[in-house]
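What follows is a single structure, written as structure tokens, with notes after it.
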Protein chains: 2
Amino acid sequence: MDHKILQTTRELIDEAGYPALTVDRVAARAGVGKAAIYRRYASKAEMAFAALVHGQRLPPPADTGSLHGDLLELTRTFHARMAAPAARHVAPALMSELAANPELDSRFQDTFLAAEHAGLAEIVERAVARGELAGPVDPTIVHLLLLGSLAAGLYIINLPVDDAMITDLVTATATGITALAGRHHGEPGGEPHGDPHGAARPGPPSPDRA
Amino acid sequence: MDHKILQTTRELIDEAGYPALTVDRVAARAGVGKAAIYRRYASKAEMAFAALVHGQRLPPPADTGSLHGDLLELTRTFHARMAAPAARHVAPALMSELAANPELDSRFQDTFLAAEHAGLAEIVERAVARGELAGPVDPTIVHLLLLGSLAAGLYIINLPVDDAMITDLVTATATGITALAGRHHGEPGGEPHGDPHGAARPGPPSPDRA
């Protein structure tokens with residue numbers, strides 16, 4: 001039934017746009033009761049977010065063999081969904097609903113954001129296992145640097161984010177969290193202690209230039 | 001008169017909170033006409049943003065002598081304003097107004113966002129002049145990684161952002177844009193060509209480990 005609700009939501013948005021979407025129309029077209037929809041989604045915006053951006057669970061992120069590759073794959077996938085015109089309508093509406101409704105906010109945190117967080121945690125774990133990161137990094141930081149900055153670019157700054165910008169965001173994030181991991185876990189290159197500005201220097205200077 | 005309007009806006013928010021704020025009350029208390037307010041601000045949310053977060057111009061960012069220090073100073077200043085309870089009310093309201101009103105959005109871009117952009121551009125220029133960055137980096141990327149991620153953390157993910165997290169965001173951003181500058185401007189450490197994942201590796205490996 002979940003699939004049917006989300007599929008119908010996408011169809012109706014394609015046909016008439018997000019503003020014309022109503023829970024009533026979705027219920028009628030999908031042949032389900034409104035109560036069944038409201039058991040799953042607290043509002044039209046939450047239902048549309050699930051239909052357009054992602055559901056309450058996500059498949060495991062693609063394993064490309066590198067931290068940069070995994071983050072790039074994930075960010076491109078999210079960008080494709082987040083940048084769609086209907087998603088640009090939904091997201092600001094959902095954000096202001098979240099700010100006004102703590103119950104909806106906590107559902108959103110426990111479902112959609114938790115799913116994003118879990119995907120990023122898996123990418124971080126793989127990078128630690130491969131030895132690309134000196135130790136674990138809080139997935140929240142990765143979330144903010146990558147998906148937070150992307151959301152801000154699309155929904156607040158209203159930028160036309162292209163693939164070159166996505167690649168730059170991913171490169172900066174991958175390099176940045178690698179430095180954080182070194183810093184927090186005492187990797188030689190991470191200059192973990194005693195120099196508060198250490199990890200922010202122009203990449204570790206090569207010894208022959210030092 | 002600008003100062004008087006913003007000062008009165010802050011007073012009224014302090015006294016009764018953002019939801020109770022109206023342009024009428026600001027006009028009455030400040031002793032100015034509503035038209036004078038609407039010439040400056042298109043809405044209550046825009047006026048409150050100017051009063052709480054920052055005006056349409058910003059003073060030049062503090063010059064601390066390092067890229068990390070400059071970014072940390074700027075981010076702490078923005079965080080203190082952006083995280084205030086009233087700002088948490090205003091921002092989502094403003095974001096949904098921006099999405100619904102292209103004229104307001106373009107004013108917002110040309111004033112507030114342009115002011116933030118200019119401050120970050122100045123920090124980047126100084127870092128290039130000091131030799132910390134191999135060449136200029138698009139200030140938009142810095143904007144997204146730092147203030148975009150902060151806005152997402154505060155207003156979408158609804159995180160209690162503390163100073164440790166701010167410091168991590170700044171460290172990751174400074175390291176990340178340093179790698180981008182190296183990559184775009186051909187610094188030896190930046191591995192600018194031929195290896196699409198180069199800049200994402202755990203800092204450039206030291207030659208003695210390579």
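Residues in the structure tokens are named by chain (A, B, ... in the order shown) and by number from 1 within that chain; ligands are numbered from 1 in the order shown.
Near range 158-173 of chain B, within a cut-off of 6 Å and counting only C-alpha atoms, sit the residues A:Gly176, A:Ile177, A:Ala200, B:Leu72, B:Gly153, with same-chain residues fewer than 5 positions away left out.
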Who sits within 12 Å of Leu21 in chain B, only C-alpha atoms, same chain under 4 positions skipped, as a list in words: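 My list of contacting residues is Thr8, Thr9, Arg10, Glu11, Leu12, Ile13, Asp14, Glu15, Ala16, Gly17, Arg25, Val26, Ala27, Ala28, Arg29, Ser43, Lys44, Ala45, Met47, Ala48, Ala86, His89 and Val90 of chain B.
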In range 57-166 of chain B, DSSP helix (DSSP H, G or I) residues written as a PyMOL selection string: chain B and resi 67-82+85-100+102-130+139-155+163-166
Atomic distance CA of Ala83 in chain A - CA of Leu113 in chain A, expressed in Å with one decimal: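 CA of Leu113 in chain A lies at a distance of 17.6 Å from CA of Ala83 in chain A.
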Among listed residues B:Ile156, B:Val53, B:Ala179, B:Leu104, nearest Pro136 in chain B (using only C-alpha atoms): B:Ala179
Residue nearest chain A among B:Val32, B:Met82, B:Leu67, B:Ala50 (counting only C-alpha atoms): B:Leu67
Nearby residues (only C-alpha atoms) at most 12 Å from Pro59 in chain A, same-chain spacing under 6 positions excluded, as a list in words: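 Result of the neighbour search: Leu74, Thr77, Ala115, Glu116, Ala118, Gly119, Leu120 and Glu122 of chain A.
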